[in-house]
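Peer 1: The structure is given below, and queries will be raised subsequently.
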Amino acid sequence: MKDFPKVLFERLEIPNIHKISVFQEHGGYQMAKRALQMAPEEVTKIVTDSGLRGRGGAGFPTGMKWSFVPKDASKIKYLLCNGDESEPGTFKDRILMEKMPHLLLEGMIIAAHAIDCHRAYIYIRGEFTESIAALEKAIEDCHTENILGKNIFGTKFNLEIHVFKGAGAYICGEETGLISSLEGTKGWPKVKPPFPAIAGFNRLPSIVNNVETLAAVPWILKNGAQAYRKFGTEKSPGTKLFCLSGPVKNPGTYELPCGFPLKDLIFDIGGGLLDDLNLKAVIPGGASAKILTAEEALKTTLCYEGCQTMGTMLGSGGVIVIPHTQCMVDLLHVVSYFFKDESCGQCTPCREGTGWMHKIVDSILHQRGRPEDVQLLLDISENIQGGRTICALADAAAWPVESYVKKFKQEFVDHIEKKACNLYKYSASL
Amino acid sequence: MSEKNIVQFEVDGKEVQAPKGENLLKVLIDQKFKVPYYCYHPGLSVAGACRMCFVEQEGVPRPMISCNMQVQEGMKIKTESENLKNIRKWNLAFHLINHPLDCPICDQAGECGLQDFYMEHGQYNSQMQEQKVLKRKVVSIGDHVMLDSERCILCSRCVRFFDEVPKTSEMAIFNRGDRSEIGTFLDRPLKNNYTLNSVNICPVGALTSKDFRFKKRVWFLKKLNSICPGCSTGCNIEVHEDPREKQVFRMLPRYNENVNGHWMCDYGAMRYEKINPKNRILTPKLKQGHELVPTDWDNAQKYFDDAMEKVGKDLYVLITPQYTVEEFEHIYATFTQKGIQNIFHTVDEKNIKDTKVIDELLMRNDKNPNSKGLLKVSAAHGLEKQNLAAFQKELETQKIKTLVVFSPADPDSDPEFMNSLKGIEAVETKIQLGTAAQYETLDFDCILPTLSFVEKAGTFINFNDVEQKIEAGAKLVEDAKAISEILC
């Protein structure tokens, strides 16, 4: 396998890198130290220049997000690290948190300094017990070494970082849902505006950044914005973690420069599909991303604009490979169940629409489908997406329905007309 | 409001003015633009959950919910377009797919947001063929409130109401997705004095009043603007009565920013029971032997007039603060003109000075709607010092020969009223004018039915000296007469 530039996984293979002593031996916290000597605006500028984009799924420019925070010194500001990692098919933040907790903490110290924050939270889904333990230990060690707490590195900068355990709801990965959950209430997304950078956690300015985003910051500070821009594409600079899953020979999490061909990820790095299986489709960015047919997938490059050209999104980088034996109705049955189950229920189109779509798919799968159901699915999915709801969960639920039905329409029609499908017997039913 | 705080903007090509920063949906509703909404309520925070109130703004690519927009100078808003029509139709469909079609047995029918907006913005055939989500029905969640979760559209108005107004936070939305349900924590009953407001603000039939349930289709109800007679706060209300049945069915709060906002208490809302015929004095009555016997007005009026003539200036009068200012004026003027000075009132001065609220929000210690009015009128005649204590002293001296009592319309306002008239047995001729059947006791020789507060127009003055008008509706008790008819 070819060697690819490493930003996040640069030190991943070093034994015991999760230990503070080992991390420090390998240059750990040097960048945090340097950042604290710099003006906050300078730090923000480097991150802005690097073109780093939010790795949680939306791809919003990180530096720009930081610059939205009011400069009013009297106001408390919060940095919230999103470690909920709830998008199905995604398992990248978990590796960073478990194996390199100090890299995340270093990124957080730098980001906190950039936005003048003195209290930060890491929101981790409750199931990630190892991530929670690793980060709690790392934070404790940092306190002993005066890397967290008061007067960090002898400067005037104070920072406390707390780990908050979520209860494993998909919606808590949405930034305002995360904030609601962190506030101790139900994880309901908040109506925007106001945006979190103005009124977030406890109605105070808050920045929510993904684990992967924050973990990239120390490298950028060390090597400079231009070095980071050398990787990836013009619009998607840098590297990104891709989680390859499905029946491939080498599933796993890989760090690759943005713009990497999807085909190479599957067939080169992933070693191709298991024996006797052919590629039928690929979900490129977690379960909510629109599906790509095999033909489309082979032309897709893994960057924000590359996925956009193909009508889908890079999302969280959860690449799910679908083999030719998979019945798409069955697949949609599982995916639509997930979104119906995870819809928070706050606003109507999503609450009712996701349930309705799942029921229709369920009918189609179980020989109760009607010819008009195919169009109805498309109509419903069209009318819950595009800003009709408080957060993007409705869009996330609509895209799979829309894309599976449009791209694999014949399978749905067959299920309805012939009440059968020669693939369904292979697929694991829910 | 100063000039510069008013901004001008355009809605559907019409110039509209509103205070800067005002909620756009509120302005659109006030100005009668047809924008549907469920979760928005002017007395509560913005939820943005129902997604019905979308409008378009020029220069903004996507439609936005108007409840989360603020009015700004020069903005151009459209409330009608093909796209908006489609959005509303679909959002309405989403509200209705799991909503039971039980309008024929639903109390909300006729004042239901789903029905109204379906007629305005929906009018499609349902495409929902799947099994609806089944939820709890007929759940008692308090003394006054019944919950039907299947009808609920999860607008969260009730939840926000208990969070924000009485601040008891008793309700919440449990579960998630289409299994979401409103309810109370651990199914504990609602325990505060404002539970009926949740019924009133419920845009659908999910929360219904246990009292009003199944009693009346709302389109038969005639509405009167009135003032709650339950205490000295003077909440503005709407009285809903059916004139054909001669029954009042409910009282709802009416918005008044300075007095009660959008709300009223449960105690007040239940006051209507006191004015329905079953709790009223229905006919004039005279004592014959050891019994009070119904009689006709000619007889009764003759008895009354004779008694007045016989006693002349030595008549004693006792007035409770449950009548209108106009009635007090008539009573004082009529009697003082005849030289009668022994006019006493039962206003409890200590009570009315204590204007603190005694529950979560609105209720006050003084349960009379017009104590301030009675004091004002008695003071105008120099008789404000003749209070209940002074009257009781007179009673003890046993010199009262003839007494006219204007009894409380609402016995709950003064449960001790009859006890406070100790010694009244010794009075030779005792006449009562009033409405409450509870006071049809043998302590009186003559009882004359008067009008309740929904059958007469007039003025109440609240604890804060605000004068407020009540409207006259249909007569509920055929034989009741206005005080001005009896006393002349």
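Chain labels follow the order of the structure tokens: the first chain is A, the next B, and so on; residue numbering restarts at 1 in every chain, and ligands are counted from 1 in their shown order.
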How close does each residue of chain B get to chain A, giving the shortest atom pair and distance in Å to one decimal for every residue with an atom at most 9 Å away, counting only C-alpha atoms, sorted by chain and residue number, as a tab-separated table?

Peer 2:
```
residue	atom	partner	partner_atom	distance
B:Val46	CA	A:Val191	CA	8.5
B:Ala47	CA	A:Val191	CA	7.2
B:Gly48	CA	A:Val191	CA	6.3
B:Ala49	CA	A:Cys347	CA	4.1
B:Cys50	CA	A:Thr348	CA	5.4
B:Arg51	CA	A:Thr389	CA	6.8
B:Phe54	CA	A:Arg388	CA	8.7
B:Arg62	CA	A:Gly387	CA	7.1
B:Pro63	CA	A:Gly387	CA	7.8
B:Met64	CA	A:Gly387	CA	7.9
B:Ile65	CA	A:Arg388	CA	8.7
B:Asn68	CA	A:Pro193	CA	7.7
B:Met69	CA	A:Pro193	CA	8.7
B:Asn86	CA	A:Asn383	CA	8.6
B:Ile87	CA	A:Asn383	CA	7.1
B:Trp90	CA	A:Asn383	CA	6.7
B:Asn91	CA	A:Pro349	CA	6.0
B:Leu92	CA	A:Pro349	CA	9.0
B:Ala93	CA	A:Pro349	CA	8.9
B:Phe94	CA	A:Glu352	CA	5.5
B:His95	CA	A:Thr348	CA	6.4
B:Leu96	CA	A:Glu352	CA	9.0
B:Ile97	CA	A:Glu352	CA	7.4
B:Asn98	CA	A:Glu352	CA	7.7
B:Gln127	CA	A:Leu376	CA	8.0
B:Met128	CA	A:Trp356	CA	8.0
B:Gln129	CA	A:Ile360	CA	8.5
B:Glu130	CA	A:Lys359	CA	6.5
B:Gln131	CA	A:Lys359	CA	8.1
B:Ile153	CA	A:Thr348	CA	7.9
B:Leu154	CA	A:Gln346	CA	7.5
B:Cys155	CA	A:Cys347	CA	8.1
B:Ser156	CA	A:Gln346	CA	8.6
B:Ile173	CA	A:Gln346	CA	8.9
B:Asn175	CA	A:Gly345	CA	8.1
B:Arg176	CA	A:Cys344	CA	4.9
B:Gly177	CA	A:Gly345	CA	3.9
B:Asp178	CA	A:Arg351	CA	5.1
B:Arg179	CA	A:Gly345	CA	7.8
B:Ser180	CA	A:Gly345	CA	6.0
```

Peer 1: Take the residues from that selection and write them out as a CSV table (one decimal), in the first residue's frame, keeping N, CA and C atoms.

Peer 2:
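Contents of selection19.csv, freshly written:
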```csv
chain,number,residue,atom,x,y,z
B,46,VAL,N,-41.0,30.9,21.7
B,46,VAL,CA,-41.1,30.3,20.4
B,46,VAL,C,-40.6,28.9,20.4
B,47,ALA,N,-41.3,28.0,19.8
B,47,ALA,CA,-40.9,26.6,19.7
B,47,ALA,C,-40.4,26.3,18.3
B,48,GLY,N,-41.1,26.8,17.3
B,48,GLY,CA,-40.7,26.5,16.0
B,48,GLY,C,-40.9,25.1,15.6
B,49,ALA,N,-41.9,24.4,16.2
B,49,ALA,CA,-42.0,22.9,16.0
B,49,ALA,C,-43.0,22.5,15.0
B,50,CYS,N,-44.1,23.3,14.8
B,50,CYS,CA,-45.1,22.8,13.9
B,50,CYS,C,-44.8,23.0,12.5
B,51,ARG,N,-44.0,24.0,12.2
B,51,ARG,CA,-43.5,24.3,10.8
B,51,ARG,C,-44.6,24.6,9.9
B,54,PHE,N,-44.5,29.0,7.6
B,54,PHE,CA,-43.5,29.5,6.7
B,54,PHE,C,-44.0,30.7,5.9
B,62,ARG,N,-34.6,30.4,0.9
B,62,ARG,CA,-35.6,29.4,1.4
B,62,ARG,C,-36.6,30.0,2.2
B,63,PRO,N,-37.9,29.5,2.1
B,63,PRO,CA,-38.9,30.0,3.0
B,63,PRO,C,-38.5,29.8,4.5
B,64,MET,N,-38.9,30.7,5.4
B,64,MET,CA,-38.5,30.6,6.8
B,64,MET,C,-39.8,30.6,7.6
B,65,ILE,N,-39.7,30.1,8.9
B,65,ILE,CA,-40.9,30.1,9.8
B,65,ILE,C,-41.0,31.5,10.3
B,68,ASN,N,-40.2,32.7,14.1
B,68,ASN,CA,-38.8,32.9,14.5
B,68,ASN,C,-38.1,34.0,13.8
B,69,MET,N,-38.9,34.9,13.2
B,69,MET,CA,-38.4,36.1,12.5
B,69,MET,C,-38.8,37.3,13.2
B,86,ASN,N,-47.8,24.5,-1.1
B,86,ASN,CA,-47.4,23.1,-1.1
B,86,ASN,C,-46.8,22.7,0.3
B,87,ILE,N,-46.0,23.6,0.9
B,87,ILE,CA,-45.4,23.4,2.2
B,87,ILE,C,-46.5,23.2,3.2
B,90,TRP,N,-48.5,20.0,2.8
B,90,TRP,CA,-47.7,18.8,3.3
B,90,TRP,C,-47.6,18.8,4.8
B,91,ASN,N,-47.2,19.9,5.4
B,91,ASN,CA,-47.1,20.0,6.8
B,91,ASN,C,-48.4,19.7,7.5
B,92,LEU,N,-49.5,20.1,6.9
B,92,LEU,CA,-50.8,19.8,7.5
B,92,LEU,C,-51.0,18.3,7.4
B,93,ALA,N,-50.6,17.7,6.3
B,93,ALA,CA,-50.8,16.3,6.1
B,93,ALA,C,-50.0,15.5,7.1
B,94,PHE,N,-48.7,16.0,7.4
B,94,PHE,CA,-47.9,15.4,8.5
B,94,PHE,C,-48.6,15.4,9.8
B,95,HIS,N,-49.2,16.6,10.1
B,95,HIS,CA,-50.0,16.7,11.4
B,95,HIS,C,-51.1,15.7,11.5
B,96,LEU,N,-51.7,15.4,10.3
B,96,LEU,CA,-52.9,14.6,10.3
B,96,LEU,C,-52.8,13.1,10.1
B,97,ILE,N,-51.6,12.7,9.6
B,97,ILE,CA,-51.5,11.3,9.3
B,97,ILE,C,-51.8,10.4,10.5
B,98,ASN,N,-51.3,10.8,11.7
B,98,ASN,CA,-51.6,10.0,12.9
B,98,ASN,C,-52.7,10.5,13.8
B,127,GLN,N,-53.3,10.4,1.8
B,127,GLN,CA,-52.6,9.3,1.2
B,127,GLN,C,-52.1,8.3,2.2
B,128,MET,N,-52.4,8.6,3.4
B,128,MET,CA,-52.0,7.7,4.5
B,128,MET,C,-52.8,6.4,4.5
B,129,GLN,N,-52.2,5.3,4.2
B,129,GLN,CA,-52.9,4.0,4.2
B,129,GLN,C,-52.4,3.1,5.3
B,130,GLU,N,-51.3,3.5,6.0
B,130,GLU,CA,-50.7,2.6,6.9
B,130,GLU,C,-51.5,2.7,8.3
B,131,GLN,N,-51.1,1.8,9.2
B,131,GLN,CA,-51.7,1.9,10.5
B,131,GLN,C,-51.2,3.1,11.3
B,153,ILE,N,-50.9,17.0,18.7
B,153,ILE,CA,-50.0,17.2,17.6
B,153,ILE,C,-48.6,17.7,18.1
B,154,LEU,N,-48.4,17.5,19.4
B,154,LEU,CA,-47.1,17.8,20.0
B,154,LEU,C,-46.5,19.2,19.7
B,155,CYS,N,-47.4,20.2,19.8
B,155,CYS,CA,-47.0,21.5,19.6
B,155,CYS,C,-46.3,22.1,20.8
B,156,SER,N,-46.4,21.4,21.9
B,156,SER,CA,-45.7,21.7,23.2
B,156,SER,C,-46.2,23.0,23.8
B,173,ILE,N,-42.7,16.3,27.1
B,173,ILE,CA,-42.9,15.3,26.0
B,173,ILE,C,-42.0,14.2,26.3
B,175,ASN,N,-40.6,10.1,25.4
B,175,ASN,CA,-40.3,9.3,24.2
B,175,ASN,C,-39.9,10.2,23.0
B,176,ARG,N,-39.6,9.6,21.9
B,176,ARG,CA,-39.2,10.4,20.7
B,176,ARG,C,-39.8,9.9,19.4
B,177,GLY,N,-39.5,10.6,18.4
B,177,GLY,CA,-40.1,10.3,17.1
B,177,GLY,C,-41.6,10.3,17.1
B,178,ASP,N,-42.2,9.5,16.3
B,178,ASP,CA,-43.6,9.5,16.2
B,178,ASP,C,-44.3,8.8,17.4
B,179,ARG,N,-43.5,8.3,18.4
B,179,ARG,CA,-44.0,7.7,19.6
B,179,ARG,C,-44.0,8.8,20.7
B,180,SER,N,-43.6,10.0,20.4
B,180,SER,CA,-43.6,11.1,21.4
B,180,SER,C,-45.0,11.3,21.9
```

Peer 1: Check segment 293-347 of chain A with DSSP on the backbone and list each residue it calls helix (DSSP H, G or I), as a list of chain:residue names.

Peer 2: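 The helix (DSSP H, G or I) residues within segment 293-347 of chain A come out as A:Ala294, A:Glu295, A:Glu296, A:Ala297, A:Leu298, A:Lys299, A:Tyr304, A:Glu305, A:Gly306, A:Cys307, A:Gln308, A:Thr309, A:Met328, A:Val329, A:Asp330, A:Leu331, A:Leu332, A:His333, A:Val334, A:Val335, A:Ser336, A:Tyr337, A:Phe338, A:Phe339, A:Lys340, A:Asp341, A:Glu342.
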
Peer 1: Just want the 12 Å neighbourhood of Asp116 of chain A, counted on only C-alpha atoms, with same-chain residues fewer than 4 positions away dropped. Output as number ranges by chain.

Peer 2: A: 36, 39-41, 43-44, 66-67, 69-79, 108-112, 120, 156-159, 205-207

Peer 1: Residues as selected, C-alpha atoms, written as a compact mmCIF listing (two decimals), in the first residue's frame, can you do that?

Peer 2:
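The result, written out as out_32.txt:
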```txt
# COMPACT_ATOMS: atom_id res chain seq x y z
CA LEU A 36 -0.59 30.28 24.17
CA ALA A 39 -2.55 36.17 19.92
CA PRO A 40 -5.89 34.37 19.60
CA GLU A 41 -6.58 36.06 16.25
CA VAL A 43 -4.27 31.19 15.79
CA THR A 44 -7.68 31.64 14.18
CA TRP A 66 -14.31 30.48 15.40
CA SER A 67 -14.33 34.03 14.10
CA VAL A 69 -17.59 34.21 18.44
CA PRO A 70 -18.13 37.69 19.89
CA LYS A 71 -14.88 39.31 20.99
CA ASP A 72 -16.59 40.66 24.11
CA ALA A 73 -14.20 39.65 26.88
CA SER A 74 -16.82 39.90 29.60
CA LYS A 75 -18.85 37.06 28.10
CA ILE A 76 -18.20 33.44 28.98
CA LYS A 77 -17.55 31.32 25.91
CA TYR A 78 -17.62 27.59 25.57
CA LEU A 79 -15.80 25.11 23.41
CA MET A 108 -8.88 21.79 22.34
CA ILE A 109 -6.41 23.90 24.29
CA ILE A 110 -5.43 25.67 21.07
CA ALA A 111 -9.04 26.19 20.00
CA ALA A 112 -10.04 27.35 23.48
CA ALA A 120 -14.73 23.20 27.56
CA LYS A 156 -2.28 33.40 32.49
CA PHE A 157 -4.49 31.05 30.53
CA ASN A 158 -6.89 28.84 32.49
CA LEU A 159 -8.83 25.95 31.01
CA PRO A 205 -21.40 31.88 22.75
CA SER A 206 -20.32 28.32 22.04
CA ILE A 207 -18.31 26.60 19.38
```

Peer 1: Neighbours of Phe344 of chain B within 7 Å (only C-alpha atoms; same-chain residues fewer than 5 positions away dropped), as a ChimeraX atom specification?

Peer 2: /B:317-319,386-388,391

Peer 1: Please produce an output containing N, CA and C atoms for each residue in the selection, written as a PDB file, in the first residue's frame.

Peer 2:
```pdb
ATOM      1  N   VAL B 317     -79.522  48.305  55.900  1.00  0.00           N
ATOM      2  CA  VAL B 317     -79.165  47.674  54.621  1.00  0.00           C
ATOM      3  C   VAL B 317     -77.745  47.120  54.728  1.00  0.00           C
ATOM      4  N   LEU B 318     -77.545  45.916  54.233  1.00  0.00           N
ATOM      5  CA  LEU B 318     -76.196  45.332  54.227  1.00  0.00           C
ATOM      6  C   LEU B 318     -75.852  44.915  52.783  1.00  0.00           C
ATOM      7  N   ILE B 319     -74.727  45.413  52.278  1.00  0.00           N
ATOM      8  CA  ILE B 319     -74.370  45.155  50.874  1.00  0.00           C
ATOM      9  C   ILE B 319     -73.043  44.405  50.785  1.00  0.00           C
ATOM     10  N   GLN B 386     -69.105  52.508  57.620  1.00  0.00           N
ATOM     11  CA  GLN B 386     -70.103  51.549  58.112  1.00  0.00           C
ATOM     12  C   GLN B 386     -69.839  50.177  57.513  1.00  0.00           C
ATOM     13  N   ASN B 387     -68.925  49.458  58.183  1.00  0.00           N
ATOM     14  CA  ASN B 387     -68.541  48.150  57.643  1.00  0.00           C
ATOM     15  C   ASN B 387     -69.210  47.023  58.414  1.00  0.00           C
ATOM     16  N   LEU B 388     -68.790  45.815  58.146  1.00  0.00           N
ATOM     17  CA  LEU B 388     -69.435  44.645  58.748  1.00  0.00           C
ATOM     18  C   LEU B 388     -69.336  44.675  60.271  1.00  0.00           C
ATOM     19  N   PHE B 391     -71.811  46.941  61.624  1.00  0.00           N
ATOM     20  CA  PHE B 391     -73.132  46.334  61.483  1.00  0.00           C
ATOM     21  C   PHE B 391     -73.381  45.297  62.570  1.00  0.00           C
TER      22      PHE B 391
END
```

Peer 1: Within 12 Å of Pro15 of chain A, counting only C-alpha atoms, which residues show up once you throw out same-chain ones fewer than 6 positions away? Write them as a list in words, please.

Peer 2: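 Non-adjacent residues within range: Ser21, Val22, Phe23, Glu25, His26, Lys99 and Met100 of chain A.
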
Peer 1: Restrict the selected residues to C-alpha atoms and save them as an mmCIF file, in the first residue's frame.

Peer 2:
```
data_model
loop_
_atom_site.group_PDB
_atom_site.id
_atom_site.type_symbol
_atom_site.label_atom_id
_atom_site.label_comp_id
_atom_site.auth_asym_id
_atom_site.auth_seq_id
_atom_site.Cartn_x
_atom_site.Cartn_y
_atom_site.Cartn_z
ATOM 1 C CA SER A 21 4.713 10.916 28.944
ATOM 2 C CA VAL A 22 4.957 9.167 25.595
ATOM 3 C CA PHE A 23 2.877 11.841 23.922
ATOM 4 C CA GLU A 25 8.273 12.717 24.271
ATOM 5 C CA HIS A 26 6.954 12.869 20.732
ATOM 6 C CA LYS A 99 -5.721 5.946 21.036
ATOM 7 C CA MET A 100 -4.748 9.602 21.003
#
```

Peer 1: Here is a test: counting only C-alpha atoms, which residue of B:Pro284, B:Asn276, B:Asp410, B:Glu291 is nearest to Thr320 of chain B?

Peer 2: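 The shortest atom-to-atom distance to Thr320 of chain B comes from B:Asp410.
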
Peer 1: If we count only C-alpha atoms and set the cut-off at 9 Å, which residues sit around segment 273-288 of chain A, ignoring sequence neighbours fewer than 6 positions away in its own chain? Please answer as a PyMOL selection string.

Peer 2: chain A and resi 57+87-90+242-243+246-250+262+266-267+294-297+302+307+312-326+335+339+393+395-400

Peer 1: Those residues you just picked out, can you put them in a file as a PDB file, in the first residue's frame with C-alpha atoms?

Peer 2:
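That gives us selection-v8.pdb:
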```pdb
ATOM      1  CA  GLY A  57     -20.398  16.064   8.324  1.00  0.00           C
ATOM      2  CA  GLU A  87     -23.710   8.635  12.082  1.00  0.00           C
ATOM      3  CA  PRO A  88     -24.068   4.960  11.137  1.00  0.00           C
ATOM      4  CA  GLY A  89     -20.968   3.743   9.337  1.00  0.00           C
ATOM      5  CA  THR A  90     -18.641   6.129  11.141  1.00  0.00           C
ATOM      6  CA  PHE A 242     -12.483   7.427   6.090  1.00  0.00           C
ATOM      7  CA  CYS A 243     -14.270   4.532   7.706  1.00  0.00           C
ATOM      8  CA  GLY A 246     -19.201  -3.509   4.341  1.00  0.00           C
ATOM      9  CA  PRO A 247     -18.031  -6.782   2.800  1.00  0.00           C
ATOM     10  CA  VAL A 248     -14.545  -5.623   1.834  1.00  0.00           C
ATOM     11  CA  LYS A 249     -11.341  -7.458   2.546  1.00  0.00           C
ATOM     12  CA  ASN A 250      -9.736  -4.719   4.646  1.00  0.00           C
ATOM     13  CA  LEU A 262     -13.446   6.263  -3.875  1.00  0.00           C
ATOM     14  CA  ILE A 266     -12.489   0.245  -1.964  1.00  0.00           C
ATOM     15  CA  PHE A 267     -10.362  -1.777  -4.336  1.00  0.00           C
ATOM     16  CA  ALA A 294     -21.390   1.188  -8.551  1.00  0.00           C
ATOM     17  CA  GLU A 295     -20.947   3.122 -11.755  1.00  0.00           C
ATOM     18  CA  GLU A 296     -21.178   6.481  -9.987  1.00  0.00           C
ATOM     19  CA  ALA A 297     -18.961   5.317  -7.140  1.00  0.00           C
ATOM     20  CA  LEU A 302     -13.644  11.723  -1.726  1.00  0.00           C
ATOM     21  CA  CYS A 307     -19.201  14.118  -3.622  1.00  0.00           C
ATOM     22  CA  THR A 312     -24.217  13.165  -2.531  1.00  0.00           C
ATOM     23  CA  MET A 313     -22.035  14.322   0.341  1.00  0.00           C
ATOM     24  CA  LEU A 314     -18.753  13.504   1.980  1.00  0.00           C
ATOM     25  CA  GLY A 315     -20.506  13.678   5.338  1.00  0.00           C
ATOM     26  CA  SER A 316     -18.646  12.038   8.147  1.00  0.00           C
ATOM     27  CA  GLY A 317     -16.569   9.847   5.866  1.00  0.00           C
ATOM     28  CA  GLY A 318     -18.377   6.641   6.665  1.00  0.00           C
ATOM     29  CA  VAL A 319     -17.996   4.676   3.436  1.00  0.00           C
ATOM     30  CA  ILE A 320     -20.384   1.731   3.386  1.00  0.00           C
ATOM     31  CA  VAL A 321     -19.929  -0.770   0.573  1.00  0.00           C
ATOM     32  CA  ILE A 322     -23.060  -2.529  -0.662  1.00  0.00           C
ATOM     33  CA  PRO A 323     -22.619  -5.864  -2.465  1.00  0.00           C
ATOM     34  CA  HIS A 324     -24.723  -7.123  -5.370  1.00  0.00           C
ATOM     35  CA  THR A 325     -26.602  -9.519  -3.101  1.00  0.00           C
ATOM     36  CA  GLN A 326     -28.211  -6.745  -1.102  1.00  0.00           C
ATOM     37  CA  VAL A 335     -32.037   2.727   7.263  1.00  0.00           C
ATOM     38  CA  PHE A 339     -34.113   7.539  11.220  1.00  0.00           C
ATOM     39  CA  LEU A 393     -32.184  15.044  10.629  1.00  0.00           C
ATOM     40  CA  ASP A 395     -32.834  15.785   5.357  1.00  0.00           C
ATOM     41  CA  ALA A 396     -30.649  12.938   6.555  1.00  0.00           C
ATOM     42  CA  ALA A 397     -33.716  10.701   6.654  1.00  0.00           C
ATOM     43  CA  ALA A 398     -35.017  11.887   3.299  1.00  0.00           C
ATOM     44  CA  TRP A 399     -31.827  11.460   1.259  1.00  0.00           C
ATOM     45  CA  PRO A 400     -31.530   7.688   1.586  1.00  0.00           C
TER      46      PRO A 400
END
```

Peer 1: Counting only C-alpha atoms, which residue out of A:Leu103, A:Leu52, A:Ala169, A:Leu244 sits closest to Asp264 of chain A?

Peer 2: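 Comparing A:Leu103, A:Leu52, A:Ala169, A:Leu244 against Asp264 of chain A, the winner is A:Leu244.
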
Peer 1: Would you list the contacts of Asp479 of chain B as a ChimeraX atom specification, taking every protein, DNA or RNA residue within 9 Å and counting only C-alpha atoms, but skipping same-chain residues closer than 6 positions in sequence?

Peer 2: /B:281-284,296-297,449-450

Peer 1: Next, write the just-selected residues to a file, as a short mmCIF file (atom, residue, chain, number, x, y, z; two decimals), in the first residue's frame, keeping N, CA and C atoms as the atom set.

Peer 2:
```cif
data_model
loop_
_atom_site.label_atom_id
_atom_site.label_comp_id
_atom_site.auth_asym_id
_atom_site.auth_seq_id
_atom_site.Cartn_x
_atom_site.Cartn_y
_atom_site.Cartn_z
N ILE B 281 -81.43 31.30 42.94
CA ILE B 281 -82.76 31.54 43.50
C ILE B 281 -83.67 31.74 42.30
N LEU B 282 -84.66 30.88 42.13
CA LEU B 282 -85.42 30.89 40.88
C LEU B 282 -86.68 31.76 40.93
N THR B 283 -87.27 31.85 42.10
CA THR B 283 -88.50 32.66 42.20
C THR B 283 -88.45 33.47 43.49
N PRO B 284 -89.29 34.50 43.56
CA PRO B 284 -89.44 35.19 44.85
C PRO B 284 -90.05 34.23 45.85
N ASP B 296 -95.55 34.87 43.54
CA ASP B 296 -95.29 35.63 42.32
C ASP B 296 -94.73 37.00 42.66
N TRP B 297 -94.24 37.68 41.61
CA TRP B 297 -93.56 38.94 41.86
C TRP B 297 -94.49 39.99 42.45
N PRO B 449 -85.14 37.21 43.81
CA PRO B 449 -84.04 36.86 42.90
C PRO B 449 -83.59 38.05 42.05
N THR B 450 -82.28 38.28 42.01
CA THR B 450 -81.75 39.36 41.17
C THR B 450 -80.93 38.76 40.05
#
```

Peer 1: Nearest residue to Leu241 of chain A out of A:Gly271, A:Pro101, A:Gly224, A:Gly56, using only C-alpha atoms?

Peer 2: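 Nearest to Leu241 of chain A: A:Gly56.
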
Peer 1: Using atom CA of Glu164 of chain B and atom CA of Leu44 of chain B as the two end points, give the distance in Å to one decimal.

Peer 2: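 Separation between atom CA of Glu164 of chain B and atom CA of Leu44 of chain B: 7.1 Å.
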
Peer 1: So that I can check the secondary structure, give me every residue of segment 172-367 of chain B assigned strand (DSSP E) by backbone DSSP, as a PyMOL selection string.

Peer 2: chain B and resi 172-174+181-184+207-209+222-227+236-242+247-253+285-288+291-294+316-319+343-345

Peer 1: Determine the nearest neighbour of Glu85 of chain A from the options A:His118, A:Lys222, A:His102, A:Arg125, counting only C-alpha atoms.

Peer 2: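 Looking at the shortest contact to Glu85 of chain A, the residue is A:Arg125.
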